[in-house]
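Trainee: The structure that follows is given in the form of structure tokens.
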Protein chains: 2
Amino acid sequence: MAGQERRMMKDKRLYQSVADRIAGLIDSGIYPPGSRLPGERELAETLEVSRVTVREAEIFLQALGRIDIKTGSGAYVRNKSDQSAGGIPSVSAFELTEARSLFESEAAALAAPDIDNEVLNRLETLIEKMMSDEPDGAQVAEQADRDFHLTIASSTGNKAVLYIVETLWKMRMELEQVREVYDSVCSEDSAARGQEHTEILEALRSRDSGAARSAMRQHFTRLLKSMLDVTEEQAFEELRQRATASRERFLKSAQL
Amino acid sequence: MAGQERRMMKDKRLYQSVADRIAGLIDSGIYPPGSRLPGERELAETLEVSRVTVREAEIFLQALGRIDIKTGSGAYVRNKSDQSAGGIPSVSAFELTEARSLFESEAAALAAPDIDNEVLNRLETLIEKMMSDEPDGAQVAEQADRDFHLTIASSTGNKAVLYIVETLWKMRMELEQVREVYDSVCSEDSAARGQEHTEILEALRSRDSGAARSAMRQHFTRLLKSMLDVTEEQAFEELRQRATASRERFLKSAQL
DNA sequence: CTTGTAAAACCGATCATACCAATTGGTAAA
DNA sequence: TTTACCAATTGGTATGATCGGTTTTACAAG
């Protein structure tokens with residue numbers, strides 16, 4: 001029974017600091033996604049703690065979704081995408097955009113009737129920010145785009161609506177396959193996008209629910225179309241199949 | 001050397017089933033929020049596992065935010081609100097229903113055009129289940145209600161839409177203040193509810209997007225109205241204020 | 001040389017036990 | 001009454017052993 005007279009300080013549980021250290025090893029790239037961590041025994045020796053502690057740390061990391069533990073085999077590092085997802089299902093860019101079209105259009109319609117003038121001004125500012133092409137323009141524009149849509153959702157005064165729109169945006173950001181498509185699409189028609197956003201703003205200005213809904217739908221419909229082009233270019237055969245079938249269905253239901 | 005010849009089935013880790021059992025004790029009200037759980041030793045004896053396993057289960061529960069562990073003192077049950085909230089904002093039953101009305105109506109409209117006959121049959125079965133008043137009828141009906149709405153969302157073929165509707169239902173279940181209102185409302189007009197669901201089903205049967213959207217909207221609109229009555233009865237002044245203002249806005253934007 | 005399979009090596013799952021450290025509550029001393 | 005201290009309780013960590021599942025190895029059959 002050799003020494004275990006180290007860190008008896010503070011209140012931090014040992015297993016948590018061990019979990020931090022393991023997470024650090026993962027983040028630093030020593031154990032890339034998909035790779036297998038050393039066995040509990042080896043880790044215990046390396047980190048100078050008992051096996052029980054390593055075990056607790058790994059259970060903790062598993063609960064956080066950072067690793068998968070397979071009995072008799074080992075602990076494996078999860079992909080960032082599967083992990084932080086925290087329950088976010090894997091959806092295609094097309095599906096997400098279709099969902100956004102449906103929901104955000106309704107949010108816009110709900111917000112339109114009595115939207116604040118102050119909010120309208122803020123939206124105008126955001127459109128400008130979206131179109132300015134400074135260095136790091138992509139980052140700024142994306143942020144402004146996000147703020148634009150969230151501001152509208154927020155001005156419904158309904159926190160549930162805002163939460164859903166936030167969730168949709170979160171999916172757009174955190175799902176790898178979605179990000180890729182969106183990024184390549186957005187880098188294209190920045191001019192057209194400004195135009196679409198302006199149309200949405202005008203509809204809101206006139207406090208016209210129907211017009212706001214239509215403008216938002218159009219925005220997403222156009223986005224959807226250029227998205228289909230991009231995915232075709234990239235020969236995403238699978239996605240296109242789905243998309244073609246869904247597009248008809250979508251356009252059918254979208255008749256306003 | 002004593003017995004551990006129980007559940008050697010499947011692959012579920014022991015500590016996880018122990019965590020489930022402890023969570024069950026919490027949910028059943030045996031250990032209300034704020035209360036202290038029995039010590040690790042006592043729990044180990046009660047649940048017939050080793051202390052280490054109890055520890056692992058408690059660490060897991062802590063990672064999920066269900067309990068707080070304080071060294072030398074004990075493990076304490078967290079308040080629902082601080083815990084599973086996990087990002088779910090605190091919204092009123094009214095806000096949630098408004099959001100559901102907007103989004104699920106669109107989901108129904110999207111699903112309508114080419115919905116499977118098999119799905120339609122399943123929906124019919126669910127309506128029957130919803131209206132049967134056996135013992136435990138409330139539980140069964142609620143489950144059937146959930147399945148009904150999720151089935152429609154699922155038949156859009158769009159996983160993002162399904163996820164959003166799932167999220168909305170999760171909010172309905174996990175937010176205390178929402179549950180209360182929904183429960184008291186649902187216990188009322190079970191007959192009317194069946195009627196409304198049937199109307200939705202019929203609209204879907206005719207593959208009519210517009211009709212499906214309208215039927216779903218009506219369903220929620222009626223729900224909203226009886227909800228307003230209930231909250232008035234309960235003298236939820238604050239909520240009613242919000243609700244009255246929002247109702248006008250909602251009805252305005254809902255003109256189809 | 002390839003292939004199949006069974007043994008061996010590894011590994012996580014769990015348990016029992018022991019001791020350390022922090023918290024708490026009661027009791028004795030001031 | 002207040003303070004100081006001690007003992008019981010409780011969580012924290014360490015060892016070492018056993019069990020059953022997984023992966024690898026090695027050897028025999030083809």
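Every chain in the structure tokens takes a letter, A first, then B, and so on in the order presented; its residues are numbered from 1, and the ligands are numbered from 1 following the presented order.
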Select residues of chain A: the criterion is any atom within 8 Å of an atom of chain B, counting only C-alpha atoms; output as a compact mmCIF listing (two decimals) with C-alpha atoms, in the first residue's frame.
Mentor:
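Result saved to part-v9.txt:
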```
# COMPACT_ATOMS: atom_id res chain seq x y z
CA ASP A 11 -12.85 20.12 -2.14
CA GLU A 56 -15.37 7.15 -11.88
CA ILE A 59 -18.18 7.20 -16.05
CA PHE A 60 -18.34 10.94 -15.67
CA ALA A 63 -22.25 10.81 -18.91
CA LEU A 64 -21.00 13.95 -20.63
CA ILE A 88 -29.37 16.47 -31.55
CA PRO A 89 -30.25 13.98 -34.22
CA SER A 90 -28.30 13.81 -37.41
CA VAL A 91 -30.34 15.71 -39.98
CA GLU A 95 -34.32 18.82 -43.65
CA LEU A 96 -33.15 21.56 -41.37
CA ALA A 99 -38.03 22.90 -40.83
CA LEU A 102 -41.99 26.18 -41.73
CA PHE A 103 -41.30 27.39 -38.23
CA GLU A 106 -44.81 31.28 -38.60
CA ALA A 107 -42.66 33.07 -36.07
CA ALA A 109 -46.14 36.00 -38.97
CA LEU A 110 -46.69 36.01 -35.22
CA PRO A 113 -48.72 42.50 -36.04
CA ASP A 114 -47.24 44.65 -33.33
CA ASN A 158 -43.03 34.04 -26.85
CA LYS A 159 -40.04 32.41 -25.15
CA ALA A 160 -40.99 28.97 -26.46
CA VAL A 161 -40.86 30.21 -30.03
CA TYR A 163 -36.19 28.68 -27.84
CA ILE A 164 -37.20 26.62 -30.85
CA SER A 209 -48.56 38.78 -40.95
CA GLY A 210 -49.22 37.16 -44.28
CA ARG A 249 -43.87 17.70 -51.19
CA PHE A 250 -42.56 20.88 -49.65
CA LYS A 252 -46.97 21.48 -52.47
CA SER A 253 -47.54 22.25 -48.81
```
Trainee: Using only C-alpha atoms (C1' of nucleotides), find which residues of chain C lie within 10 Å of chain B and jot them down as a count of residues only.
Mentor: 8
Trainee: Report, in Å to a single decimal, how far apart CA of Ser190 (chain A) and CA of Arg217 (chain A) are.
Mentor: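 Distance between the two atoms: 17.8 Å.
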Trainee: Which one of B:Arg41, B:Arg172, B:Arg36, B:Arg193 sits closest to Tyr76 (chain B) if you count only C-alpha atoms?
Mentor: B:Arg36
Trainee: May I have the residues of chain D within 8 Å of chain A, counting only C-alpha atoms (C1' of nucleotides), written as number ranges by chain?
Mentor: D: 12-15, 21-23
Trainee: Could you find all residues in region 97-219 of chain A that DSSP calls helix (DSSP H, G or I) from the backbone, and write them as a VMD selection string?
Mentor: chain A and resid 97 to 111 117 to 131 137 to 154 159 to 174 176 to 186 190 to 205 209 to 219
Trainee: Would you export the selected residues with C-alpha atoms as a compact mmCIF listing (two decimals), in the first residue's frame, please?
Mentor:
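Output file selection_23.txt follows:
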```txt
# COMPACT_ATOMS: atom_id res chain seq x y z
CA THR A 97 -33.87 24.26 -43.89
CA GLU A 98 -37.31 22.83 -44.55
CA ALA A 99 -38.03 22.90 -40.83
CA ARG A 100 -36.71 26.42 -40.50
CA SER A 101 -38.87 27.51 -43.38
CA LEU A 102 -41.99 26.18 -41.73
CA PHE A 103 -41.30 27.39 -38.23
CA GLU A 104 -39.55 30.68 -38.74
CA SER A 105 -42.16 31.77 -41.25
CA GLU A 106 -44.81 31.28 -38.60
CA ALA A 107 -42.66 33.07 -36.07
CA ALA A 108 -42.38 36.01 -38.44
CA ALA A 109 -46.14 36.00 -38.97
CA LEU A 110 -46.69 36.01 -35.22
CA ALA A 111 -44.21 38.80 -34.66
CA ASN A 117 -40.04 50.23 -34.27
CA GLU A 118 -36.88 49.87 -32.32
CA VAL A 119 -36.69 46.23 -33.32
CA LEU A 120 -37.21 47.16 -36.95
CA ASN A 121 -34.27 49.54 -36.77
CA ARG A 122 -32.11 46.87 -35.21
CA LEU A 123 -33.03 44.50 -38.02
CA GLU A 124 -32.02 47.10 -40.56
CA THR A 125 -28.65 47.48 -38.92
CA LEU A 126 -28.17 43.74 -38.98
CA ILE A 127 -28.88 43.57 -42.70
CA GLU A 128 -26.20 46.17 -43.30
CA LYS A 129 -23.78 44.22 -41.19
CA MET A 130 -24.64 41.12 -43.17
CA MET A 131 -23.72 42.70 -46.45
CA GLY A 137 -16.81 39.14 -43.37
CA ALA A 138 -18.05 35.59 -43.28
CA GLN A 139 -17.94 35.45 -39.50
CA VAL A 140 -19.62 38.80 -39.08
CA ALA A 141 -22.28 38.07 -41.66
CA GLU A 142 -23.11 34.73 -40.12
CA GLN A 143 -23.44 36.31 -36.70
CA ALA A 144 -25.66 39.05 -38.10
CA ASP A 145 -27.76 36.50 -39.91
CA ARG A 146 -28.26 34.64 -36.66
CA ASP A 147 -29.15 37.80 -34.80
CA PHE A 148 -31.60 38.76 -37.51
CA HIS A 149 -33.59 35.56 -37.22
CA LEU A 150 -33.37 35.39 -33.45
CA THR A 151 -34.46 38.98 -33.10
CA ILE A 152 -37.60 38.25 -35.06
CA ALA A 153 -38.30 35.16 -33.01
CA SER A 154 -37.68 37.11 -29.85
CA LYS A 159 -40.04 32.41 -25.15
CA ALA A 160 -40.99 28.97 -26.46
CA VAL A 161 -40.86 30.21 -30.03
CA LEU A 162 -37.52 31.87 -29.37
CA TYR A 163 -36.19 28.68 -27.84
CA ILE A 164 -37.20 26.62 -30.85
CA VAL A 165 -35.57 29.02 -33.28
CA GLU A 166 -32.46 29.01 -31.12
CA THR A 167 -32.50 25.24 -31.22
CA LEU A 168 -32.76 25.24 -34.99
CA TRP A 169 -29.80 27.59 -35.23
CA LYS A 170 -27.86 25.43 -32.86
CA MET A 171 -28.44 22.48 -35.15
CA ARG A 172 -27.20 24.53 -38.09
CA MET A 173 -23.98 25.29 -36.24
CA GLU A 174 -23.24 22.02 -34.57
CA GLU A 176 -20.93 19.06 -39.39
CA GLN A 177 -22.72 18.04 -42.57
CA VAL A 178 -25.11 20.97 -42.23
CA ARG A 179 -22.40 23.55 -41.64
CA GLU A 180 -20.57 22.50 -44.76
CA VAL A 181 -23.58 22.96 -47.00
CA TYR A 182 -24.63 26.23 -45.43
CA ASP A 183 -21.14 27.66 -45.61
CA SER A 184 -20.73 26.92 -49.27
CA VAL A 185 -24.18 28.27 -50.05
CA CYS A 186 -23.77 31.44 -48.04
CA SER A 190 -24.59 37.54 -50.58
CA ALA A 191 -26.37 40.15 -52.66
CA ALA A 192 -29.50 38.10 -53.14
CA ARG A 193 -29.52 37.29 -49.46
CA GLY A 194 -29.53 40.95 -48.53
CA GLN A 195 -32.42 41.48 -50.87
CA GLU A 196 -34.41 38.67 -49.26
CA HIS A 197 -33.78 39.91 -45.76
CA THR A 198 -34.85 43.36 -46.81
CA GLU A 199 -38.11 41.99 -48.14
CA ILE A 200 -38.73 40.32 -44.82
CA LEU A 201 -38.02 43.57 -43.04
CA GLU A 202 -40.41 45.49 -45.27
CA ALA A 203 -43.17 42.99 -44.63
CA LEU A 204 -42.61 43.37 -40.90
CA ARG A 205 -42.64 47.15 -41.27
CA SER A 209 -48.56 38.78 -40.95
CA GLY A 210 -49.22 37.16 -44.28
CA ALA A 211 -46.55 39.15 -46.08
CA ALA A 212 -44.02 38.41 -43.37
CA ARG A 213 -44.77 34.72 -43.61
CA SER A 214 -44.46 34.77 -47.39
CA ALA A 215 -41.23 36.73 -47.36
CA MET A 216 -39.67 34.39 -44.86
CA ARG A 217 -40.84 31.37 -46.83
CA GLN A 218 -39.36 32.80 -49.98
CA HIS A 219 -36.10 33.42 -48.23
```
Trainee: Could you name the residues that touch DC27 (chain D) at 10 Å or less, counting only C-alpha atoms (C1' of nucleotides), but leaving out those on the same chain fewer than 3 positions away, as a compact mmCIF listing (two decimals) with N, CA and C atoms (P, O5', C5', C4', C3', O3' and C1' of nucleotides), in the first residue's frame?
Mentor:
```txt
# COMPACT_ATOMS: atom_id res chain seq x y z
P DT C 5 -14.68 -22.46 -37.76
O5' DT C 5 -13.97 -22.80 -36.39
C5' DT C 5 -13.06 -23.89 -36.33
C4' DT C 5 -12.14 -23.74 -35.12
C3' DT C 5 -12.83 -23.20 -33.86
O3' DT C 5 -12.40 -23.95 -32.74
C1' DT C 5 -10.91 -21.94 -34.31
P DA C 6 -13.47 -24.32 -31.62
O5' DA C 6 -12.50 -24.70 -30.40
C5' DA C 6 -11.25 -25.35 -30.67
C4' DA C 6 -10.16 -24.70 -29.84
C3' DA C 6 -10.60 -24.25 -28.44
O3' DA C 6 -9.57 -24.53 -27.51
C1' DA C 6 -9.67 -22.43 -29.60
P DA C 7 -9.92 -24.58 -25.96
O5' DA C 7 -8.56 -24.05 -25.33
C5' DA C 7 -7.32 -24.44 -25.92
C4' DA C 7 -6.33 -23.29 -25.85
C3' DA C 7 -6.19 -22.66 -24.46
O3' DA C 7 -4.80 -22.48 -24.16
C1' DA C 7 -6.71 -20.98 -26.04
```
Trainee: Using only C-alpha atoms (C1' of nucleotides), which residue out of D:DT2, D:DT18, D:DT25, D:DT9 lies closest to DA30 (chain C)?
Mentor: D:DT2
Trainee: May I ask for the distance between CA of Thr46 (chain B) and CA of Ile26 (chain B), given in Å to one decimal place?
Mentor: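 Between CA of Thr46 (chain B) and CA of Ile26 (chain B) the gap works out to 15.1 Å.
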